[in-house]
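Peer 1: I am sharing run.csv, which consists of CSV, C-alpha atoms:
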chain,number,residue,atom,x,y,z
A,257,MET,CA,20.2,6.2,-10.8
A,258,SER,CA,18.6,2.7,-10.8
A,259,THR,CA,14.9,2.2,-10.1
A,260,SER,CA,15.5,0.3,-6.8
A,261,ARG,CA,17.8,3.2,-5.5
A,262,LEU,CA,15.1,5.7,-6.5
A,263,VAL,CA,12.5,3.7,-4.6
A,264,ASN,CA,14.7,3.7,-1.5
A,265,TYR,CA,15.2,7.5,-1.7
A,266,VAL,CA,11.5,8.1,-2.0
A,267,ALA,CA,10.5,5.5,0.7
A,268,LEU,CA,12.7,7.0,3.4
A,269,PRO,CA,11.0,10.4,3.7
A,270,VAL,CA,7.6,8.8,3.2
A,271,LEU,CA,8.2,6.4,6.1
A,272,LEU,CA,9.5,9.2,8.3
A,273,VAL,CA,6.5,11.3,7.6
A,274,SER,CA,4.1,8.4,8.2
A,275,ALA,CA,5.8,7.7,11.5
A,276,VAL,CA,5.4,11.3,12.6
A,277,LEU,CA,1.7,11.4,11.5
A,278,GLY,CA,0.9,7.9,12.9
A,279,LEU,CA,-0.1,6.5,9.5
A,280,TYR,CA,0.3,2.8,10.4
A,281,TRP,CA,-1.0,1.5,7.1
A,282,VAL,CA,2.1,2.8,5.3
A,283,TRP,CA,4.2,0.6,7.6
A,284,GLY,CA,1.8,-2.3,7.1
A,285,LEU,CA,2.3,-2.0,3.3
A,286,LEU,CA,6.0,-2.0,3.9
A,287,PHE,CA,6.0,-5.2,5.9
A,288,LEU,CA,3.9,-6.9,3.2
A,289,TRP,CA,6.3,-5.5,0.6
A,290,TRP,CA,9.2,-7.2,2.4
A,291,LEU,CA,7.3,-10.4,2.5
A,292,MET,CA,6.8,-10.9,-1.2
A,293,PRO,CA,10.4,-10.9,-2.4
A,294,SER,CA,11.4,-12.9,0.7
A,295,ILE,CA,9.1,-15.7,-0.3
A,296,MET,CA,10.0,-15.6,-3.9
A,297,THR,CA,13.8,-15.6,-3.4
A,298,GLY,CA,13.8,-17.8,-0.2
A,299,GLN,CA,15.9,-15.3,1.6
A,300,THR,CA,14.9,-12.8,4.3
A,301,ALA,CA,16.6,-10.8,7.0
A,302,LEU,CA,16.1,-10.3,10.7
A,303,VAL,CA,19.4,-9.4,12.3
A,304,SER,CA,21.3,-11.2,9.5
A,305,ASP,CA,20.3,-13.1,6.4
A,306,ILE,CA,18.1,-16.1,6.8
A,307,ILE,CA,18.0,-18.6,3.9
A,308,ARG,CA,14.9,-20.8,3.6
A,309,ASP,CA,16.9,-24.0,2.6
A,310,GLN,CA,19.3,-23.6,5.6
A,311,ASP,CA,16.8,-22.5,8.3
A,312,PRO,CA,13.2,-23.3,7.1
A,313,VAL,CA,11.6,-22.9,10.6
A,314,LEU,CA,13.3,-19.6,11.2
A,315,PHE,CA,12.6,-18.3,7.7
A,316,TRP,CA,8.9,-19.1,7.9
A,317,SER,CA,8.7,-17.7,11.4
A,318,VAL,CA,10.1,-14.4,10.1
A,319,ALA,CA,7.9,-14.5,7.0
A,320,ILE,CA,4.8,-15.0,9.2
A,321,LEU,CA,5.9,-12.2,11.5
A,322,TRP,CA,6.2,-9.8,8.6
A,323,ALA,CA,2.7,-10.8,7.3
A,324,ALA,CA,1.2,-10.5,10.8
A,325,PHE,CA,2.8,-7.1,11.4
A,326,GLY,CA,1.7,-5.8,8.0
A,327,LEU,CA,-1.9,-6.9,8.5
A,328,MET,CA,-2.0,-5.6,12.0
A,329,MET,CA,-0.8,-2.2,11.0
A,330,ILE,CA,-3.3,-2.0,8.2
A,331,ALA,CA,-6.1,-3.2,10.4
A,332,ALA,CA,-5.1,-0.6,13.1
A,333,SER,CA,-5.7,2.1,10.5
A,334,LEU,CA,-8.9,0.7,9.2
A,335,PHE,CA,-10.4,0.0,12.7
A,336,PRO,CA,-9.0,2.7,15.0
A,337,ALA,CA,-11.5,1.9,17.8
A,338,HIS,CA,-9.8,-1.5,18.1
A,339,ALA,CA,-6.3,-0.4,17.4
A,340,ILE,CA,-5.3,-0.9,21.0
A,341,TRP,CA,-5.8,-4.7,20.5
A,342,LEU,CA,-3.9,-4.7,17.2
A,343,VAL,CA,-0.8,-2.7,17.9
For this file, produce the structure as structure tokens.
Peer 2:
Amino acid sequence: MSTSRLVNYVALPVLLVSAVLGLYWVWGLLFLWWLMPSIMTGQTALVSDIIRDQDPVLFWSVAILWAAFGLMMIAASLFPAHAIWLV
């Protein structure tokens, strides 16, 4: 089994458990994880693939969205008293 497949098999139960336990920071890290390869390859996905060279405004809008969601989820875990304003 390849490393990327193994990571997916490990990530699925971790994400399910984190959703049940309300561990937002795990989801925040996932959003930031999605952001890095998207910026490096110039391709991301929303409902379908978005290529930076073909749709730069949409690509960067989605990239900023992933970054904002990731940071908001991490901040909600670090500052639970203010989480209502973050999530």
Peer 1: Applying 7 Å and all atoms listed in the file, which residues near range 280-284 of chain A remain after dropping the ones on its own chain fewer than 5 positions away? List them as JSON, numbers by chain.
Peer 2: {"A": [274, 325, 326, 327, 329, 330, 332, 333]}
Peer 1: Could you check how far CA of Leu268 in chain A sits from CA of Leu286 in chain A, in Å to one decimal?
Peer 2: 11.2 Å
Peer 1: Closest to Gly298 in chain A among A:Val263, A:Ile340, A:Leu321, A:Leu314, using all atoms listed in the file?
Peer 2: A:Leu314
Peer 1: In Å, rounded to a single decimal, give me how far CA of Phe287 in chain A is from CA of Trp322 in chain A.
Peer 2: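 These atoms are spaced 5.3 Å apart.
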